[in-house]
Amino acid sequence: EQGYTVAIDGPAAAGKGTISKAVAAHFGFAHLDTGLLYRAVGRRMLQGEEPVTAAQSLTAEELGQGDLRTAEIAKAASKVAVIPEVRSALVDFQRAFARRVGGAVLDGRDIGTVICRNAEVKLFVTASAEVRAERRYLELAAKGDDVSREQVLADVKERDARDAERSTAPMKPAVDAVLLDTSDLSVDAALARAIEVIEMTL
Ligand code: C5P
């Protein structure tokens, strides 16, 4: 039987991760942060491996091993993510996850447009580049990453441009996605809105 799927897309640090995790907990759905797949491939590329080979041999265990949420790995991830063969190697895993009985939340860039075009709910979560960079800066600084605000803003803008302009599965809202701009919303307010949208389709 086909599971119930919530697709959450949007640019870096818009609040997708926080919202996805909380939505999954609220409804008892499983959650997959699909950025981790590209980050794991990016990490393998940084270790000298060819990205397509890395994507084809990726294991679920790797996603939980070590810290994939560094600025260096984020950049590598957005580079491997433009390669069509890397993207296609990761499709089956994502679709199988989406079909889980009991419901699933997947967050990424192309979930509503490519991976799960038939998702019951699609959200596109955005915020201004400045707000997103500040959030990401605080996150990285709290972990002890040695980064500056200016550098984080430049990185966020560079990554957005690469994600939005690539020819395979560019980041964009699905035509049937509900837009959620979190620039002026608290985490609680953004989450309440996401839950409200999902409840309308349950
Ligand atoms: O979401 P996160 O910042 O972890 O994603 C890292 C990179 O992986 C993104 O900048 C994007 O290039 C790529 N990605 C993607 N498609 C997804 C998820 C992530 O291309 N569904």
# chains A, B, ... in the order shown; residues from 1 in each chain; ligands from 1
$ select_by_dssp --residues "segment 6-158 of chain A" --states "helix (DSSP H, G or I)" --output "PDB file with C-alpha atoms, in the first residue's frame"
ATOM      1  CA  LYS A  16      13.014  22.909   6.377  1.00  0.00           C
ATOM      2  CA  GLY A  17      14.934  20.661   8.715  1.00  0.00           C
ATOM      3  CA  THR A  18      13.343  21.984  11.900  1.00  0.00           C
ATOM      4  CA  ILE A  19       9.849  21.946  10.398  1.00  0.00           C
ATOM      5  CA  SER A  20      10.271  18.477   8.871  1.00  0.00           C
ATOM      6  CA  LYS A  21      11.514  16.919  12.086  1.00  0.00           C
ATOM      7  CA  ALA A  22       8.749  18.500  14.157  1.00  0.00           C
ATOM      8  CA  VAL A  23       6.029  17.616  11.622  1.00  0.00           C
ATOM      9  CA  ALA A  24       7.229  14.004  11.532  1.00  0.00           C
ATOM     10  CA  ALA A  25       7.180  13.816  15.336  1.00  0.00           C
ATOM     11  CA  HIS A  26       3.739  15.446  15.489  1.00  0.00           C
ATOM     12  CA  PHE A  27       2.088  13.011  13.060  1.00  0.00           C
ATOM     13  CA  GLY A  35      20.352  16.669   1.810  1.00  0.00           C
ATOM     14  CA  LEU A  36      22.282  14.087   3.834  1.00  0.00           C
ATOM     15  CA  LEU A  37      22.461  11.834   0.756  1.00  0.00           C
ATOM     16  CA  TYR A  38      24.143  14.550  -1.298  1.00  0.00           C
ATOM     17  CA  ARG A  39      26.323  15.511   1.651  1.00  0.00           C
ATOM     18  CA  ALA A  40      27.499  11.916   2.071  1.00  0.00           C
ATOM     19  CA  VAL A  41      28.397  11.790  -1.635  1.00  0.00           C
ATOM     20  CA  GLY A  42      30.111  15.182  -1.274  1.00  0.00           C
ATOM     21  CA  ARG A  43      32.164  13.889   1.638  1.00  0.00           C
ATOM     22  CA  ARG A  44      33.274  10.884  -0.386  1.00  0.00           C
ATOM     23  CA  MET A  45      34.285  13.215  -3.238  1.00  0.00           C
ATOM     24  CA  LEU A  46      36.376  15.260  -0.784  1.00  0.00           C
ATOM     25  CA  PRO A  51      30.964  11.143  -7.214  1.00  0.00           C
ATOM     26  CA  VAL A  52      28.875   8.849  -9.444  1.00  0.00           C
ATOM     27  CA  THR A  53      30.580   5.720  -8.072  1.00  0.00           C
ATOM     28  CA  ALA A  54      30.109   7.100  -4.572  1.00  0.00           C
ATOM     29  CA  ALA A  55      26.372   7.719  -5.133  1.00  0.00           C
ATOM     30  CA  GLN A  56      25.889   4.239  -6.572  1.00  0.00           C
ATOM     31  CA  ALA A  60      22.087   4.238   4.689  1.00  0.00           C
ATOM     32  CA  GLU A  61      24.528   3.720   7.584  1.00  0.00           C
ATOM     33  CA  GLU A  62      26.834   6.410   6.220  1.00  0.00           C
ATOM     34  CA  LEU A  63      24.161   9.055   6.698  1.00  0.00           C
ATOM     35  CA  GLY A  64      24.483   8.754  10.454  1.00  0.00           C
ATOM     36  CA  ALA A  71      30.245  24.293   5.483  1.00  0.00           C
ATOM     37  CA  GLU A  72      32.837  22.393   3.447  1.00  0.00           C
ATOM     38  CA  ILE A  73      30.593  19.356   2.948  1.00  0.00           C
ATOM     39  CA  ALA A  74      27.583  21.570   2.101  1.00  0.00           C
ATOM     40  CA  LYS A  75      29.535  23.094  -0.753  1.00  0.00           C
ATOM     41  CA  ALA A  76      30.756  19.715  -1.998  1.00  0.00           C
ATOM     42  CA  ALA A  77      27.161  18.419  -1.810  1.00  0.00           C
ATOM     43  CA  SER A  78      25.850  21.196  -4.036  1.00  0.00           C
ATOM     44  CA  LYS A  79      28.601  20.411  -6.555  1.00  0.00           C
ATOM     45  CA  VAL A  80      27.876  16.683  -6.796  1.00  0.00           C
ATOM     46  CA  PRO A  84      22.500  13.827 -13.345  1.00  0.00           C
ATOM     47  CA  GLU A  85      23.943  10.316 -12.679  1.00  0.00           C
ATOM     48  CA  VAL A  86      24.455  11.182  -9.016  1.00  0.00           C
ATOM     49  CA  ARG A  87      20.830  12.300  -8.718  1.00  0.00           C
ATOM     50  CA  SER A  88      19.431   9.260 -10.513  1.00  0.00           C
ATOM     51  CA  ALA A  89      21.449   6.882  -8.313  1.00  0.00           C
ATOM     52  CA  VAL A  91      16.072   8.211  -6.583  1.00  0.00           C
ATOM     53  CA  ASP A  92      15.058   4.650  -5.626  1.00  0.00           C
ATOM     54  CA  PHE A  93      16.164   5.008  -2.016  1.00  0.00           C
ATOM     55  CA  GLN A  94      14.145   8.215  -1.627  1.00  0.00           C
ATOM     56  CA  ARG A  95      11.017   6.793  -3.293  1.00  0.00           C
ATOM     57  CA  ALA A  96      11.142   3.621  -1.196  1.00  0.00           C
ATOM     58  CA  PHE A  97      11.383   5.765   1.919  1.00  0.00           C
ATOM     59  CA  ALA A  98       8.416   7.881   0.779  1.00  0.00           C
ATOM     60  CA  ILE A 111      10.951  16.251  -3.600  1.00  0.00           C
ATOM     61  CA  GLY A 112       7.719  17.853  -4.808  1.00  0.00           C
ATOM     62  CA  THR A 113       8.908  18.337  -8.391  1.00  0.00           C
ATOM     63  CA  VAL A 114      10.787  15.080  -9.143  1.00  0.00           C
ATOM     64  CA  ILE A 115      11.032  12.474  -6.369  1.00  0.00           C
ATOM     65  CA  ALA A 129      18.940  35.093   2.105  1.00  0.00           C
ATOM     66  CA  GLU A 130      19.960  37.393   4.984  1.00  0.00           C
ATOM     67  CA  VAL A 131      17.681  35.684   7.501  1.00  0.00           C
ATOM     68  CA  ARG A 132      18.811  32.237   6.328  1.00  0.00           C
ATOM     69  CA  ALA A 133      22.503  33.167   6.486  1.00  0.00           C
ATOM     70  CA  GLU A 134      22.112  34.497  10.023  1.00  0.00           C
ATOM     71  CA  ARG A 135      20.407  31.260  11.135  1.00  0.00           C
ATOM     72  CA  ARG A 136      23.067  29.112   9.495  1.00  0.00           C
ATOM     73  CA  TYR A 137      25.836  31.290  10.965  1.00  0.00           C
ATOM     74  CA  LEU A 138      24.467  30.846  14.490  1.00  0.00           C
ATOM     75  CA  GLU A 139      24.143  27.085  13.915  1.00  0.00           C
ATOM     76  CA  LEU A 140      27.728  26.698  12.659  1.00  0.00           C
ATOM     77  CA  ALA A 141      29.179  29.057  15.286  1.00  0.00           C
ATOM     78  CA  ALA A 142      27.390  27.130  18.064  1.00  0.00           C
ATOM     79  CA  ARG A 149      28.715  36.083   8.854  1.00  0.00           C
ATOM     80  CA  GLU A 150      29.911  37.475   5.508  1.00  0.00           C
ATOM     81  CA  GLN A 151      31.319  34.123   4.439  1.00  0.00           C
ATOM     82  CA  VAL A 152      28.150  32.247   5.416  1.00  0.00           C
ATOM     83  CA  LEU A 153      25.966  34.715   3.459  1.00  0.00           C
ATOM     84  CA  ALA A 154      28.223  34.384   0.406  1.00  0.00           C
ATOM     85  CA  ASP A 155      28.128  30.565   0.694  1.00  0.00           C
ATOM     86  CA  VAL A 156      24.328  30.494   1.032  1.00  0.00           C
ATOM     87  CA  LYS A 157      23.886  32.702  -2.046  1.00  0.00           C
ATOM     88  CA  GLU A 158      26.369  30.663  -4.087  1.00  0.00           C
TER      89      GLU A 158
END
$ residues_around --residues "Arg100 of chain A" --least-positions-apart "4" --cutoff "12 Å" --atoms "only C-alpha atoms" --output "MDAnalysis selection string"
chainID A and resid 1:6 28:32 93:96 104:106
$ select_by_dssp --residues "chain A" --states "strand (DSSP E)" --output "list in words"
Thr5, Val6, Ala7, Ile8, Asp9, Ala30, His31, Leu32, Asp33, Ala104, Val105, Leu106, Asp107, Gly108, Val121, Lys122, Leu123, Phe124, Val125, Thr126, Val178, Leu179, Leu180 and Asp181 of chain A
$ write_last_selection --atoms "C-alpha atoms" --output "PDB file, in the first residue's frame"
ATOM      1  CA  THR A   5       3.966  11.526   1.826  1.00  0.00           C
ATOM      2  CA  VAL A   6       4.782  15.072   2.866  1.00  0.00           C
ATOM      3  CA  ALA A   7       7.288  16.789   0.532  1.00  0.00           C
ATOM      4  CA  ILE A   8       9.141  19.777   1.976  1.00  0.00           C
ATOM      5  CA  ASP A   9      11.464  21.712  -0.323  1.00  0.00           C
ATOM      6  CA  ALA A  30       9.270   8.802   9.419  1.00  0.00           C
ATOM      7  CA  HIS A  31      11.624  11.596   8.300  1.00  0.00           C
ATOM      8  CA  LEU A  32      14.339  11.646   5.643  1.00  0.00           C
ATOM      9  CA  ASP A  33      16.607  14.674   5.250  1.00  0.00           C
ATOM     10  CA  ALA A 104       6.894   9.878   5.606  1.00  0.00           C
ATOM     11  CA  VAL A 105       8.268  13.392   5.456  1.00  0.00           C
ATOM     12  CA  LEU A 106      11.057  14.018   2.952  1.00  0.00           C
ATOM     13  CA  ASP A 107      12.843  17.346   2.795  1.00  0.00           C
ATOM     14  CA  GLY A 108      15.147  18.582   0.070  1.00  0.00           C
ATOM     15  CA  VAL A 121       1.188  17.558   0.726  1.00  0.00           C
ATOM     16  CA  LYS A 122       3.881  19.809  -0.732  1.00  0.00           C
ATOM     17  CA  LEU A 123       5.410  22.699   1.132  1.00  0.00           C
ATOM     18  CA  PHE A 124       8.016  25.118  -0.213  1.00  0.00           C
ATOM     19  CA  VAL A 125       9.717  26.755   2.748  1.00  0.00           C
ATOM     20  CA  THR A 126      11.641  29.971   2.081  1.00  0.00           C
ATOM     21  CA  VAL A 178       2.021  25.705  -0.544  1.00  0.00           C
ATOM     22  CA  LEU A 179       4.570  28.485   0.014  1.00  0.00           C
ATOM     23  CA  LEU A 180       5.714  29.151   3.562  1.00  0.00           C
ATOM     24  CA  ASP A 181       7.962  32.189   4.068  1.00  0.00           C
TER      25      ASP A 181
END
$ closest_residue --among "A:Thr182, A:Gln65, A:Gln47, A:Ser167" --to "ligand 1" --atoms "only C-alpha atoms and all ligand atoms"
A:Ser167
$ residues_around --residues "Ala164 of chain A" --least-positions-apart "3" --cutoff "12 Å" --atoms "only C-alpha atoms" --output "ChimeraX atom specification"
/A:9-12,78,81-82,109-110,157-161,167-173
$ atom_distance --atom1 "atom CA of Leu90 of chain A" --atom2 "atom CA of Arg69 of chain A"
19.0 Å
$ atom_distance --atom1 "atom CA of Thr201 of chain A" --atom2 "atom CA of Ala189 of chain A"
19.4 Å
$ closest_residue --among "A:Asp145, A:Glu199, A:Glu165, A:Glu50" --to "ligand 1" --atoms "only C-alpha atoms and all ligand atoms"
A:Glu165
$ atom_distance --atom1 "atom 6 (C, counted along the ligand's line) of ligand 1" --atom2 "atom CA of Val197 of chain A"
25.2 Å
$ closest_residue --among "A:Gly103, A:Gly48, A:Gly15, A:Gly144" --to "ligand 1" --atoms "only C-alpha atoms and all ligand atoms"
A:Gly15
$ closest_residue --among "A:Val147, A:Cys116, A:Leu58, A:Met200" --to "Thr70 of chain A" --atoms "only C-alpha atoms"
A:Val147
$ decode --residues "segment 131-155 of chain A" --atoms "C-alpha atoms" --output "PDB file, in the first residue's frame"
ATOM      1  CA  VAL A 131      17.681  35.684   7.501  1.00  0.00           C
ATOM      2  CA  ARG A 132      18.811  32.237   6.328  1.00  0.00           C
ATOM      3  CA  ALA A 133      22.503  33.167   6.486  1.00  0.00           C
ATOM      4  CA  GLU A 134      22.112  34.497  10.023  1.00  0.00           C
ATOM      5  CA  ARG A 135      20.407  31.260  11.135  1.00  0.00           C
ATOM      6  CA  ARG A 136      23.067  29.112   9.495  1.00  0.00           C
ATOM      7  CA  TYR A 137      25.836  31.290  10.965  1.00  0.00           C
ATOM      8  CA  LEU A 138      24.467  30.846  14.490  1.00  0.00           C
ATOM      9  CA  GLU A 139      24.143  27.085  13.915  1.00  0.00           C
ATOM     10  CA  LEU A 140      27.728  26.698  12.659  1.00  0.00           C
ATOM     11  CA  ALA A 141      29.179  29.057  15.286  1.00  0.00           C
ATOM     12  CA  ALA A 142      27.390  27.130  18.064  1.00  0.00           C
ATOM     13  CA  LYS A 143      29.164  23.980  16.846  1.00  0.00           C
ATOM     14  CA  GLY A 144      32.489  25.790  17.003  1.00  0.00           C
ATOM     15  CA  ASP A 145      32.927  26.105  13.211  1.00  0.00           C
ATOM     16  CA  ASP A 146      35.279  29.007  12.498  1.00  0.00           C
ATOM     17  CA  VAL A 147      33.126  31.019  10.055  1.00  0.00           C
ATOM     18  CA  SER A 148      32.195  34.688   9.551  1.00  0.00           C
ATOM     19  CA  ARG A 149      28.715  36.083   8.854  1.00  0.00           C
ATOM     20  CA  GLU A 150      29.911  37.475   5.508  1.00  0.00           C
ATOM     21  CA  GLN A 151      31.319  34.123   4.439  1.00  0.00           C
ATOM     22  CA  VAL A 152      28.150  32.247   5.416  1.00  0.00           C
ATOM     23  CA  LEU A 153      25.966  34.715   3.459  1.00  0.00           C
ATOM     24  CA  ALA A 154      28.223  34.384   0.406  1.00  0.00           C
ATOM     25  CA  ASP A 155      28.128  30.565   0.694  1.00  0.00           C
TER      26      ASP A 155
END
